[in-house]
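Shown next: entry-v5.cif, containing mmCIF, C-alpha atoms and all ligand atoms.
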```
data_structure
loop_
_atom_site.label_atom_id
_atom_site.label_comp_id
_atom_site.auth_asym_id
_atom_site.auth_seq_id
_atom_site.Cartn_x
_atom_site.Cartn_y
_atom_site.Cartn_z
CA MET A 147 -62.76 53.11 33.35
CA SER A 148 -59.21 52.62 34.46
CA ILE A 149 -56.66 50.00 33.58
CA ALA A 150 -53.93 48.45 35.62
CA ALA A 151 -50.57 49.92 34.80
CA ILE A 152 -47.03 49.85 36.01
CA VAL A 153 -44.89 52.58 34.55
CA SER A 154 -41.21 52.77 35.18
CA PRO A 155 -39.71 56.18 35.95
CA PRO A 156 -36.43 55.75 34.05
CA LEU A 157 -38.42 56.58 30.92
CA LEU A 158 -39.07 59.98 32.41
CA ARG A 159 -35.66 60.70 33.78
CA SER A 160 -34.89 63.43 31.32
CA LEU A 161 -37.66 65.69 32.60
CA PRO A 162 -36.31 68.89 34.18
CA ALA A 163 -35.83 69.11 37.94
CA THR A 164 -37.61 72.44 38.00
CA SER A 165 -40.96 70.96 36.93
CA PRO A 166 -43.96 71.39 39.20
CA SER A 167 -44.54 68.76 41.89
CA SER A 168 -47.55 67.22 40.14
CA PHE A 169 -48.72 67.59 36.57
CA PRO A 170 -50.56 65.67 33.87
CA LEU A 171 -49.05 64.29 30.68
CA THR A 172 -51.24 63.00 27.89
CA TYR A 173 -50.15 60.25 25.54
CA SER A 174 -52.01 59.24 22.45
CA LEU A 175 -51.49 55.59 21.77
CA LYS A 176 -54.13 54.56 19.28
CA PRO A 177 -56.82 53.46 19.76
CA LEU A 178 -56.61 54.74 23.33
CA SER A 179 -55.52 58.00 24.75
CA PHE A 180 -53.67 57.75 28.07
CA SER A 181 -53.35 60.28 30.84
CA LEU A 182 -50.39 59.99 33.17
CA GLN A 183 -50.20 61.88 36.42
CA LEU A 184 -46.56 62.67 37.25
CA ASN A 185 -45.48 63.41 40.76
CA VAL A 186 -42.25 64.42 42.42
CA SER A 187 -42.92 64.37 46.14
CA PRO A 188 -43.56 62.98 48.73
CA LEU A 189 -43.32 59.54 47.10
CA ARG A 190 -40.18 60.55 45.39
CA ASN A 191 -37.32 58.46 44.20
CA PRO A 192 -33.93 59.92 45.08
CA ASN A 193 -32.49 58.46 41.89
CA PHE A 194 -35.18 59.72 39.58
CA GLN A 195 -36.84 63.07 39.51
CA PHE A 196 -40.32 61.72 38.81
CA THR A 197 -42.63 58.89 39.58
CA VAL A 198 -45.82 58.04 37.76
CA SER A 199 -48.87 57.67 39.90
CA ALA A 200 -51.60 56.57 37.59
CA MET A 201 -52.63 55.73 34.13
CA SER A 202 -56.16 55.93 32.87
CA VAL A 203 -57.98 55.71 29.55
CA THR A 204 -60.42 58.46 30.39
CA ALA A 205 -59.86 62.16 30.78
CA GLN A 206 -57.08 63.04 33.19
CA GLU A 207 -57.88 62.53 36.85
CA ASN A 208 -56.26 64.80 39.40
CA LEU A 209 -54.38 62.23 41.43
CA SER A 210 -51.72 62.96 44.01
CA PRO A 211 -49.46 60.12 45.20
CA THR A 212 -51.35 59.80 48.45
CA SER A 213 -54.76 59.88 46.79
CA PHE A 214 -53.43 57.30 44.34
CA LEU A 215 -52.65 54.93 47.21
CA ASP A 216 -55.96 55.80 48.89
CA ASN A 217 -57.79 54.66 45.79
CA LYS A 218 -60.40 52.11 46.83
CA GLU A 219 -61.41 50.68 43.44
CA THR A 220 -62.56 47.17 44.15
CA GLY A 221 -60.46 44.46 42.58
CA PHE A 222 -57.37 46.67 42.25
CA LEU A 223 -54.29 46.89 44.41
CA HIS A 224 -52.45 50.19 44.48
CA PHE A 225 -48.86 49.66 45.53
CA VAL A 226 -45.38 51.12 45.63
CA LYS A 227 -42.43 48.95 44.76
CA TYR A 228 -39.33 49.53 46.91
CA GLN A 229 -35.91 47.92 46.99
CA GLY A 230 -33.14 47.72 49.56
CA LEU A 231 -29.91 46.58 47.85
CA GLY A 232 -31.98 44.79 45.23
CA ASN A 233 -34.10 42.90 47.80
CA ASP A 234 -37.42 44.13 46.42
CA PHE A 235 -40.88 44.45 47.88
CA ILE A 236 -44.43 45.39 46.93
CA MET A 237 -45.49 47.82 49.67
CA VAL A 238 -49.17 47.97 50.50
CA ASN A 239 -50.84 50.79 52.42
CA ASN A 240 -52.82 48.67 54.88
CA LEU A 241 -53.10 51.39 57.53
CA ASP A 242 -56.90 51.16 57.68
CA SER A 243 -57.06 47.49 58.60
CA MET A 244 -55.30 44.64 60.40
CA GLU A 245 -56.41 42.29 57.61
CA PRO A 246 -53.83 42.08 54.78
CA LYS A 247 -55.29 43.35 51.49
CA VAL A 248 -53.52 40.53 49.64
CA THR A 249 -53.81 36.81 50.35
CA PRO A 250 -50.73 34.55 50.41
CA GLU A 251 -51.90 33.02 47.08
CA GLN A 252 -52.21 36.49 45.51
CA ALA A 253 -48.76 37.39 46.90
CA VAL A 254 -47.24 34.44 45.03
CA LYS A 255 -48.76 35.72 41.77
CA LEU A 256 -47.81 39.36 42.37
CA CYS A 257 -44.19 38.41 43.19
CA ASP A 258 -43.82 36.32 40.03
CA ARG A 259 -41.11 37.96 37.89
CA ASN A 260 -42.63 36.82 34.62
CA PHE A 261 -46.37 36.87 35.20
CA GLY A 262 -46.64 39.45 38.01
CA ILE A 263 -45.05 42.67 39.27
CA GLY A 264 -41.95 40.80 40.41
CA ALA A 265 -40.66 40.98 43.98
CA ASP A 266 -39.09 39.01 46.83
CA GLY A 267 -42.12 39.70 49.02
CA VAL A 268 -45.23 41.75 49.79
CA ILE A 269 -45.11 44.05 52.83
CA PHE A 270 -48.15 45.48 54.61
CA ALA A 271 -48.01 48.77 56.53
CA MET A 272 -50.64 48.32 59.25
CA PRO A 273 -51.88 50.19 62.32
CA GLY A 274 -49.68 49.88 65.40
CA CYS A 275 -50.41 47.44 68.19
CA ASN A 276 -49.05 46.84 71.70
CA GLY A 277 -48.35 50.60 71.92
CA THR A 278 -46.28 50.81 68.73
CA ASP A 279 -46.74 53.38 65.95
CA TYR A 280 -47.10 50.78 63.16
CA THR A 281 -47.23 47.06 62.45
CA MET A 282 -45.31 45.41 59.61
CA ARG A 283 -46.29 42.07 58.12
CA ILE A 284 -44.70 40.38 55.15
CA PHE A 285 -45.37 37.48 52.82
CA ASN A 286 -42.41 35.81 51.11
CA SER A 287 -42.63 35.23 47.36
CA ASP A 288 -43.74 31.63 48.09
CA GLY A 289 -46.68 32.93 50.20
CA SER A 290 -45.21 31.94 53.58
CA GLU A 291 -45.12 34.56 56.34
CA PRO A 292 -41.77 35.26 58.01
CA GLU A 293 -41.48 37.01 61.35
CA MET A 294 -39.20 39.78 60.15
CA CYS A 295 -37.35 41.28 57.19
CA GLY A 296 -34.37 43.61 57.57
CA ASN A 297 -34.26 45.15 54.10
CA GLY A 298 -38.05 45.22 54.19
CA VAL A 299 -38.16 47.26 57.39
CA ARG A 300 -35.87 49.90 55.85
CA CYS A 301 -38.22 50.10 52.85
CA PHE A 302 -41.15 50.18 55.29
CA ALA A 303 -39.58 53.15 57.09
CA LYS A 304 -39.15 55.09 53.83
CA PHE A 305 -42.68 54.19 52.76
CA ILE A 306 -44.15 55.44 56.06
CA SER A 307 -42.14 58.65 55.97
CA ASP A 308 -43.24 59.27 52.37
CA LEU A 309 -46.85 58.37 53.07
CA ASN A 310 -47.37 60.12 56.39
CA ASN A 311 -45.78 63.43 57.03
CA LEU A 312 -43.94 62.54 60.22
CA ASN A 313 -43.69 66.21 61.25
CA GLY A 314 -39.94 66.13 61.49
CA ARG A 315 -39.86 62.87 63.45
CA GLN A 316 -37.10 60.65 62.12
CA SER A 317 -37.81 57.52 64.13
CA PHE A 318 -40.83 55.41 65.03
CA THR A 319 -41.72 52.04 66.50
CA VAL A 320 -42.79 49.02 64.48
CA HIS A 321 -44.42 45.86 65.78
CA THR A 322 -43.25 42.77 63.87
CA GLY A 323 -43.32 39.02 64.37
CA ALA A 324 -39.81 39.48 65.81
CA GLY A 325 -41.05 42.02 68.38
CA LEU A 326 -40.27 45.73 68.54
CA ILE A 327 -38.13 47.16 65.73
CA ILE A 328 -37.08 50.82 65.61
CA PRO A 329 -36.06 52.32 62.26
CA GLU A 330 -34.59 55.80 61.98
CA ILE A 331 -34.47 57.83 58.78
CA GLN A 332 -31.04 59.40 58.35
CA PRO A 333 -29.68 62.15 56.13
CA ASP A 334 -28.90 60.51 52.78
CA GLY A 335 -25.34 59.42 53.62
CA LYS A 336 -23.41 58.74 50.44
CA ARG A 337 -21.23 55.61 50.54
CA GLN A 338 -18.92 54.14 47.95
CA LEU A 339 -18.36 50.45 47.86
CA TYR A 340 -15.04 48.67 47.59
CA ARG A 341 -15.72 45.34 45.93
CA ALA A 342 -13.31 42.66 47.05
CA LEU A 343 -11.63 40.83 44.19
CA PRO A 344 -8.93 38.15 44.64
CA GLY A 345 -6.02 39.96 46.30
CA ARG A 346 -7.34 43.51 45.88
CA LEU A 347 -10.18 45.91 46.54
CA GLU A 348 -11.75 47.77 43.62
CA LEU A 349 -13.79 50.95 43.95
CA GLU A 350 -17.28 50.47 42.50
CA ALA A 351 -18.79 53.11 40.26
CA LYS A 352 -22.17 52.98 42.03
CA THR A 353 -22.92 55.23 44.99
CA TYR A 354 -25.23 53.96 47.75
CA TYR A 355 -27.42 56.19 49.89
CA PHE A 356 -27.34 54.78 53.42
CA ASN A 357 -30.50 56.45 54.60
CA VAL A 358 -32.09 54.14 57.16
CA LYS A 359 -30.61 52.80 60.41
CA VAL A 360 -32.57 50.12 62.25
CA ASP A 361 -32.40 48.88 65.81
CA MET A 362 -33.00 45.20 65.05
CA GLY A 363 -33.18 44.13 68.70
CA GLU A 364 -31.30 41.28 70.36
CA PRO A 365 -30.25 38.14 68.49
CA VAL A 366 -31.70 34.87 69.78
CA LEU A 367 -29.09 32.15 70.24
CA LYS A 368 -30.93 29.42 72.14
CA ALA A 369 -31.14 26.47 69.74
CA SER A 370 -34.73 25.50 70.54
CA ASP A 371 -35.91 29.12 70.01
CA ILE A 372 -34.24 29.56 66.61
CA PRO A 373 -35.50 26.79 66.02
CA THR A 374 -32.92 24.13 65.21
CA LYS A 375 -32.59 20.50 66.27
CA ILE A 376 -28.78 20.69 66.11
CA PRO A 377 -27.59 19.77 69.62
CA PRO A 378 -26.34 22.93 71.42
CA ASN A 379 -22.55 22.94 71.83
CA LYS A 380 -21.96 26.30 73.61
CA ASN A 381 -24.28 26.99 76.54
CA GLU A 382 -27.67 26.59 74.86
CA SER A 383 -26.52 27.73 71.44
CA VAL A 384 -25.07 26.22 68.27
CA VAL A 385 -21.66 27.72 67.41
CA LYS A 386 -19.40 26.22 64.76
CA ALA A 387 -21.17 22.87 64.96
CA GLN A 388 -20.82 20.30 62.25
CA ILE A 389 -23.82 19.18 60.19
CA GLU A 390 -24.00 17.05 57.08
CA VAL A 391 -25.70 18.56 54.06
CA ASP A 392 -25.53 16.85 50.68
CA GLY A 393 -22.82 14.47 51.87
CA VAL A 394 -20.50 17.29 53.05
CA ASN A 395 -19.70 18.30 56.66
CA TRP A 396 -20.41 22.01 57.08
CA ASN A 397 -19.50 24.15 60.10
CA VAL A 398 -22.55 26.20 61.08
CA THR A 399 -23.61 28.77 63.66
CA CYS A 400 -27.34 29.32 64.18
CA VAL A 401 -28.85 32.71 64.97
CA SER A 402 -32.39 34.05 64.99
CA MET A 403 -33.07 37.71 64.28
CA GLY A 404 -36.74 36.89 64.82
CA ASN A 405 -36.40 34.63 61.79
CA PRO A 406 -34.05 31.63 61.59
CA HIS A 407 -30.57 31.80 60.06
CA CYS A 408 -27.90 29.18 59.55
CA VAL A 409 -24.51 30.81 58.94
CA THR A 410 -21.56 28.95 57.45
CA PHE A 411 -18.00 30.06 56.83
CA GLY A 412 -17.04 26.74 55.28
CA THR A 413 -16.75 23.00 55.51
CA GLU A 414 -14.59 20.93 57.87
CA ASN A 415 -11.74 21.18 55.35
CA GLN A 416 -12.05 24.55 53.71
CA ASN A 417 -13.05 28.21 54.16
CA LEU A 418 -15.59 29.42 51.63
CA VAL A 419 -14.98 31.38 48.46
CA VAL A 420 -18.56 32.50 48.14
CA ASP A 421 -18.54 33.16 44.40
CA GLU A 422 -17.82 29.45 43.89
CA ILE A 423 -20.96 28.26 45.72
CA ASN A 424 -23.73 26.74 43.60
CA LEU A 425 -26.50 28.45 45.58
CA ALA A 426 -29.45 27.04 43.63
CA ASP A 427 -28.19 23.53 44.35
CA ILE A 428 -27.07 23.74 47.98
CA GLY A 429 -29.50 26.45 49.22
CA PRO A 430 -32.69 24.34 49.19
CA LYS A 431 -30.85 21.45 50.88
CA PHE A 432 -30.16 23.68 53.91
CA GLU A 433 -33.60 25.32 53.77
CA HIS A 434 -35.48 22.01 53.96
CA HIS A 435 -33.02 20.09 56.16
CA THR A 436 -34.74 18.13 58.93
CA LEU A 437 -32.54 19.91 61.50
CA PHE A 438 -34.53 23.11 60.82
CA PRO A 439 -38.18 22.47 61.73
CA ALA A 440 -39.31 25.96 60.57
CA ARG A 441 -36.97 25.79 57.51
CA THR A 442 -34.06 28.23 57.49
CA ASN A 443 -32.38 31.11 55.71
CA THR A 444 -28.75 30.22 54.96
CA GLU A 445 -25.80 32.58 54.65
CA PHE A 446 -22.53 31.53 52.99
CA VAL A 447 -19.75 33.82 54.20
CA GLN A 448 -16.19 34.76 53.30
CA VAL A 449 -14.04 36.80 55.68
CA PHE A 450 -11.83 39.50 54.13
CA SER A 451 -10.79 41.13 57.40
CA ARG A 452 -12.08 41.48 60.96
CA SER A 453 -14.42 44.25 59.80
CA HIS A 454 -15.19 43.24 56.21
CA LEU A 455 -17.24 40.18 55.26
CA LYS A 456 -18.88 38.99 52.08
CA MET A 457 -22.01 36.83 51.97
CA ARG A 458 -24.46 35.20 49.62
CA VAL A 459 -27.85 34.13 50.84
CA TRP A 460 -30.45 31.49 50.14
CA GLU A 461 -33.65 32.78 51.72
CA ARG A 462 -36.39 30.65 53.15
CA GLY A 463 -39.45 31.14 50.98
CA ALA A 464 -37.71 33.36 48.42
CA GLY A 465 -34.57 31.55 47.21
CA ALA A 466 -31.43 33.40 46.13
CA THR A 467 -31.90 37.12 46.72
CA LEU A 468 -29.54 40.05 46.18
CA ALA A 469 -29.55 40.94 49.87
CA CYS A 470 -30.92 39.92 53.25
CA GLY A 471 -30.84 42.39 56.15
CA THR A 472 -31.61 39.93 58.94
CA GLY A 473 -29.10 37.60 57.27
CA ALA A 474 -26.33 40.22 57.38
CA CYS A 475 -27.09 40.80 61.09
CA ALA A 476 -26.95 37.05 61.76
CA VAL A 477 -23.65 36.82 59.87
CA VAL A 478 -21.96 39.45 62.06
CA VAL A 479 -23.31 37.83 65.24
CA ALA A 480 -22.02 34.43 64.04
CA ALA A 481 -18.64 35.91 63.01
CA ILE A 482 -18.22 37.43 66.49
CA LEU A 483 -19.28 34.18 68.22
CA GLU A 484 -16.73 32.28 66.13
CA GLY A 485 -14.02 34.87 66.93
CA ARG A 486 -13.71 35.97 63.31
CA SER A 487 -14.70 39.64 63.46
CA GLU A 488 -15.09 42.84 65.43
CA ARG A 489 -18.47 44.22 66.49
CA ASN A 490 -18.68 46.74 63.61
CA CYS A 491 -18.55 45.25 60.12
CA THR A 492 -19.28 46.04 56.51
CA VAL A 493 -21.06 43.10 54.93
CA ASP A 494 -20.95 42.91 51.12
CA LEU A 495 -23.99 41.30 49.52
CA PRO A 496 -24.61 40.78 45.79
CA GLY A 497 -26.82 43.94 45.82
CA GLY A 498 -24.36 46.10 47.79
CA PRO A 499 -23.05 46.68 51.30
CA LEU A 500 -24.72 46.93 54.72
CA GLU A 501 -23.16 48.25 57.91
CA ILE A 502 -23.83 46.07 60.91
CA GLU A 503 -22.99 46.60 64.56
CA TRP A 504 -23.65 44.18 67.42
CA ARG A 505 -23.43 46.62 70.32
CA GLU A 506 -21.96 45.34 73.57
CA GLU A 507 -23.77 47.86 75.80
CA ASP A 508 -27.35 46.81 74.98
CA ASN A 509 -26.79 43.50 73.08
CA HIS A 510 -28.83 44.96 70.17
CA VAL A 511 -27.88 44.62 66.52
CA TYR A 512 -27.96 47.81 64.39
CA MET A 513 -28.22 47.71 60.60
CA THR A 514 -27.66 50.69 58.30
CA GLY A 515 -28.33 50.71 54.58
CA PRO A 516 -30.32 52.12 51.69
CA ALA A 517 -34.01 51.90 50.73
CA GLU A 518 -35.42 53.38 47.54
CA VAL A 519 -38.65 53.68 45.57
CA VAL A 520 -38.59 51.83 42.25
CA PHE A 521 -42.04 52.72 40.88
CA TYR A 522 -45.67 52.69 41.79
CA GLY A 523 -48.70 51.41 40.03
CA SER A 524 -51.90 49.40 40.27
CA VAL A 525 -52.71 45.85 39.44
CA GLN A 526 -55.90 43.86 39.20
CA LEU A 527 -56.22 41.24 41.92
N1 LIG A 601 -34.95 39.48 52.91
C1 LIG A 601 -35.28 39.61 54.26
C2 LIG A 601 -35.73 38.36 54.98
C3 LIG A 601 -37.12 37.95 54.49
C4 LIG A 601 -37.69 36.80 55.26
C5 LIG A 601 -37.01 35.51 55.02
N2 LIG A 601 -37.13 35.06 53.67
C6 LIG A 601 -37.59 34.45 55.97
O1 LIG A 601 -38.45 33.64 55.56
O2 LIG A 601 -37.20 34.44 57.14
C7 LIG A 601 -34.32 40.45 55.04
O3 LIG A 601 -33.81 41.41 54.45
O4 LIG A 601 -34.12 40.24 56.24
#
```

What does this structure look like when you write it as structure tokens?
Ligand SMILES: N[C@@H](CCC[C@H](N)C(=O)O)C(=O)O
Amino acid sequence: MSIAAIVSPPLLRSLPATSPSSFPLTYSLKPLSFSLQLNVSPLRNPNFQFTVSAMSVTAQENLSPTSFLDNKETGFLHFVKYQGLGNDFIMVNNLDSMEPKVTPEQAVKLCDRNFGIGADGVIFAMPGCNGTDYTMRIFNSDGSEPEMCGNGVRCFAKFISDLNNLNGRQSFTVHTGAGLIIPEIQPDGKRQLYRALPGRLELEAKTYYFNVKVDMGEPVLKASDIPTKIPPNKNESVVKAQIEVDGVNWNVTCVSMGNPHCVTFGTENQNLVVDEINLADIGPKFEHHTLFPARTNTEFVQVFSRSHLKMRVWERGAGATLACGTGACAVVVAAILEGRSERNCTVDLPGGPLEIEWREEDNHVYMTGPAEVVFYGSVQL
């Protein structure tokens, strides 16, 4: 018999780095005796030396991380939780089927932070289609299915490279609802963040490992394709147009990165100070505004310099999150269209920074940032 368990690696952080790559540890917790299978690689966490692959109440089973995820016990989901700047996802190995192993209703329960695993979404790694190596699908924490997820695709790339030995290949192709996306695993580039405080920049203690760069494709600017009902004011697109939300006139630029984004730098009277925004109040009013027939993600942005922006996001289907990769891409596109920034920017999000480039030569947007394993476990569906 086995039981569902989620075990967090920080508990095991003190184990020595020289330990073998996979070994059992037995706990006696009356009345049951537990066997944990500890693993270092390939599903390793760069921050922790160990992850825990399984927990059972019988004698120790010889599980490796990959066999753990291959486990086909009916009624159980074996998953790995990843995060990209605190935007967190339950990753599911769905490589044997084009049918998601989790329904939208189950995704809502699994994402619940009190009664479930807790996440902003569930991501499925599926077989490739249309000539691509893989397919990525995602359910938001409300069960809706977006076309694309920027932080999610970085986590997806790490998941695939941990799951499948890519034989030295660093890059592969992913089919998404937003079309072809190409992530590339990079050497773990260490970055330090300068957090912008009123009138000064302060060096943050935390180090970020910028290990995945993603070709996010071309932004879509045509209003009807985003989709938004705001009348186009620049060619077919919506750039610094005024809309009324909650009795206030906001200036907005609309961009799709496969999924819809409404970017605002302020109201008709005032540039934003993003820490002052009441996100939980204003976010849903943008998300469900009649001008956005497919709802919208909304980014509230402050400009520090022509290459340094700060944003907070209210995500469609997930609410306030610590980061949004497609949102950061949309923000830089909007900042350039409004003449506020250069083509290469650092975008600070509550969970940390992303580097975004909207390249003139190919019109593609490139996003670079971290993706890390949090833990893995199983849960009864
Ligand atoms: N957090 C994601 C975006 C996830 C999808 C979004 N909530 C939507 O419904 O479009 C990102 O990092 O891009």

With 10 Å as the cut-off and only C-alpha atoms and all ligand atoms counted, what is the closest atom pair between each nearby residue of chain A and ligand LIG 601 (chain A)? Distances in Å to one decimal, ordered by chain and number, as a tab-separated table.
```
residue	atom	partner	partner_atom	distance
A:Gly230	CA	A:LIG601	O3	8.0
A:Leu231	CA	A:LIG601	O3	9.2
A:Gly232	CA	A:LIG601	N1	9.8
A:Asn233	CA	A:LIG601	N1	6.2
A:Asp234	CA	A:LIG601	N1	8.4
A:Phe235	CA	A:LIG601	N1	9.2
A:Asp266	CA	A:LIG601	N1	7.4
A:Gly267	CA	A:LIG601	C3	7.6
A:Ile284	CA	A:LIG601	C4	7.9
A:Phe285	CA	A:LIG601	C4	8.1
A:Asn286	CA	A:LIG601	N2	5.9
A:Ser287	CA	A:LIG601	N2	8.4
A:Asp288	CA	A:LIG601	N2	9.3
A:Gly289	CA	A:LIG601	O1	9.8
A:Ser290	CA	A:LIG601	O1	7.2
A:Glu291	CA	A:LIG601	O1	6.8
A:Pro292	CA	A:LIG601	O1	4.4
A:Glu293	CA	A:LIG601	O2	6.5
A:Met294	CA	A:LIG601	C4	5.9
A:Cys295	CA	A:LIG601	O4	3.5
A:Gly296	CA	A:LIG601	O4	3.6
A:Asn297	CA	A:LIG601	O3	3.8
A:Gly298	CA	A:LIG601	O3	5.7
A:Val299	CA	A:LIG601	O3	7.9
A:Arg300	CA	A:LIG601	O3	8.8
A:Cys301	CA	A:LIG601	O3	9.9
A:Ser402	CA	A:LIG601	O2	9.2
A:Met403	CA	A:LIG601	O4	8.5
A:Gly404	CA	A:LIG601	O2	8.1
A:Asn405	CA	A:LIG601	O2	4.7
A:Pro406	CA	A:LIG601	O2	6.1
A:His407	CA	A:LIG601	O2	7.7
A:Glu433	CA	A:LIG601	O1	9.8
A:Ala440	CA	A:LIG601	O1	9.2
A:Arg441	CA	A:LIG601	O1	8.2
A:Thr442	CA	A:LIG601	O2	7.0
A:Asn443	CA	A:LIG601	O2	6.0
A:Thr444	CA	A:LIG601	O2	9.7
A:Val459	CA	A:LIG601	N1	9.1
A:Trp460	CA	A:LIG601	N2	8.4
A:Glu461	CA	A:LIG601	N2	4.6
A:Arg462	CA	A:LIG601	O1	4.4
A:Gly463	CA	A:LIG601	N2	5.3
A:Ala464	CA	A:LIG601	N2	5.5
A:Gly465	CA	A:LIG601	N2	7.8
A:Ala466	CA	A:LIG601	N2	9.6
A:Thr467	CA	A:LIG601	N1	7.3
A:Leu468	CA	A:LIG601	N1	8.7
A:Ala469	CA	A:LIG601	O3	6.3
A:Cys470	CA	A:LIG601	O3	3.5
A:Gly471	CA	A:LIG601	O3	3.6
A:Thr472	CA	A:LIG601	O4	3.7
A:Gly473	CA	A:LIG601	O4	5.8
A:Ala474	CA	A:LIG601	O4	7.9
A:Cys475	CA	A:LIG601	O4	8.6
A:Ala476	CA	A:LIG601	O4	9.6
```

Inset, instruction - Go through A:Cys275, A:Val398, A:Leu223, A:Met362 and flag the residue nearest A:Ala253, using only C-alpha atoms for the distances. - result: A:Leu223

Inset, instruction - Would you mind reading off the distance between atom CA of A:Phe438 and atom CA of A:Lys386, one decimal, in Å? - result: 15.9 Å

Legend entry - Distance of atom CA of A:Glu488 from atom CA of A:Ile331, expressed in Å to one decimal place: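 About the pair atom CA of A:Ile331 and atom CA of A:Glu488: they are 25.4 Å apart.
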
Inset, instruction - Could you give me, as a PyMOL selection string, the residues within 10 Å of A:Lys380, counting only C-alpha atoms and dropping anything in the same chain fewer than 2 positions from it? - result: chain A and resi 367-369+377-378+382-387+483

Only C-alpha atoms, please: the residues just picked out, written as a PDB file, keeping the file's coordinate frame.
```pdb
ATOM      1  CA  LEU A 367     -29.090  32.150  70.240  1.00  0.00           C
ATOM      2  CA  LYS A 368     -30.930  29.420  72.140  1.00  0.00           C
ATOM      3  CA  ALA A 369     -31.140  26.470  69.740  1.00  0.00           C
ATOM      4  CA  PRO A 377     -27.590  19.770  69.620  1.00  0.00           C
ATOM      5  CA  PRO A 378     -26.340  22.930  71.420  1.00  0.00           C
ATOM      6  CA  GLU A 382     -27.670  26.590  74.860  1.00  0.00           C
ATOM      7  CA  SER A 383     -26.520  27.730  71.440  1.00  0.00           C
ATOM      8  CA  VAL A 384     -25.070  26.220  68.270  1.00  0.00           C
ATOM      9  CA  VAL A 385     -21.660  27.720  67.410  1.00  0.00           C
ATOM     10  CA  LYS A 386     -19.400  26.220  64.760  1.00  0.00           C
ATOM     11  CA  ALA A 387     -21.170  22.870  64.960  1.00  0.00           C
ATOM     12  CA  LEU A 483     -19.280  34.180  68.220  1.00  0.00           C
TER      13      LEU A 483
END
```

Inset, instruction - May I have the residues at most 12 Å from (-18.7, 38.2, 68.6) in the file's coordinates, counting only C-alpha atoms, as a list in words? - result: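 Residues lying no farther than 12 Å from the given point: Pro365, Val385, Thr399, Arg452, Ser453, Cys475, Ala476, Val477, Val478, Val479, Ala480, Ala481, Ile482, Leu483, Glu484, Gly485, Arg486, Ser487, Glu488, Arg489, Asn490, Cys491, Glu503, Trp504, Arg505, Glu506, Asn509 and Val511 of chain A.
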
Legend entry - Length of the atom CA of A:His321 to atom CA of A:Phe225 vector [Å]: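 Going from atom CA of A:His321 over to atom CA of A:Phe225 covers 21.1 Å.
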
Inset, instruction - Considering only C-alpha atoms, return as a PyMOL selection string whatever protein or nucleic-acid residues lie within 6 Å of A:Met237, sequence-local ones (same chain, fewer than 5 positions apart) excluded. - result: chain A and resi 225-227+269

I need the chosen residues saved as an mmCIF file, keeping the file's coordinate frame, with C-alpha atoms.
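As written to disk, result34.cif reads:
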```
data_model
loop_
_atom_site.group_PDB
_atom_site.id
_atom_site.type_symbol
_atom_site.label_atom_id
_atom_site.label_comp_id
_atom_site.auth_asym_id
_atom_site.auth_seq_id
_atom_site.Cartn_x
_atom_site.Cartn_y
_atom_site.Cartn_z
ATOM 1 C CA PHE A 225 -48.860 49.660 45.530
ATOM 2 C CA VAL A 226 -45.380 51.120 45.630
ATOM 3 C CA LYS A 227 -42.430 48.950 44.760
ATOM 4 C CA ILE A 269 -45.110 44.050 52.830
#
```

Inset, instruction - Within 8 Å of A:Lys336, counting only C-alpha atoms, which residues show up once you throw out same-chain ones fewer than 6 positions away? Write them as a PyMOL selection string, please. - result: chain A and resi 353-356

Inset, instruction - Kindly extract all protein, DNA and RNA residues lying within 8 Å of the coordinates (-16.3, 34.3, 51.6) given in the file, considering all atoms listed in the file, and supply them as a list in words. - result: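 Taken together, the residues in range are Phe411, Asn417, Leu418, Val419, Val420, Asp421, Phe446, Val447, Gln448, Val449, Phe450, Leu455, Lys456 and Met457 of chain A.
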
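Distance annotation: of A:Gln316, A:Thr374, A:Gln388, A:Thr410, the residue with the minimal separation from A:Lys359 is A:Gln316; atom set is all atoms listed in the file.
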
Spatial neighbours of A:Gly277, 10 Å, all atoms listed in the file, chain gap at least 3 places, as a compact mmCIF listing (two decimals) with C-alpha atoms, keeping the file's coordinate frame:
```txt
# COMPACT_ATOMS: atom_id res chain seq x y z
CA GLY A 274 -49.68 49.88 65.40
CA TYR A 280 -47.10 50.78 63.16
CA THR A 319 -41.72 52.04 66.50
CA VAL A 320 -42.79 49.02 64.48
CA HIS A 321 -44.42 45.86 65.78
```

Around all the atoms of stretch 495-508 of chain A listed in the file, with 5 Å of room on each side, what axis-aligned box do you get, giving centre and edge lengths in Å to one decimal, as lines of an AutoDock Vina configuration file?
```
center_x = -24.7
center_y = 44.5
center_z = 60.8
size_x = 15.4
size_y = 17.5
size_z = 40.0
```
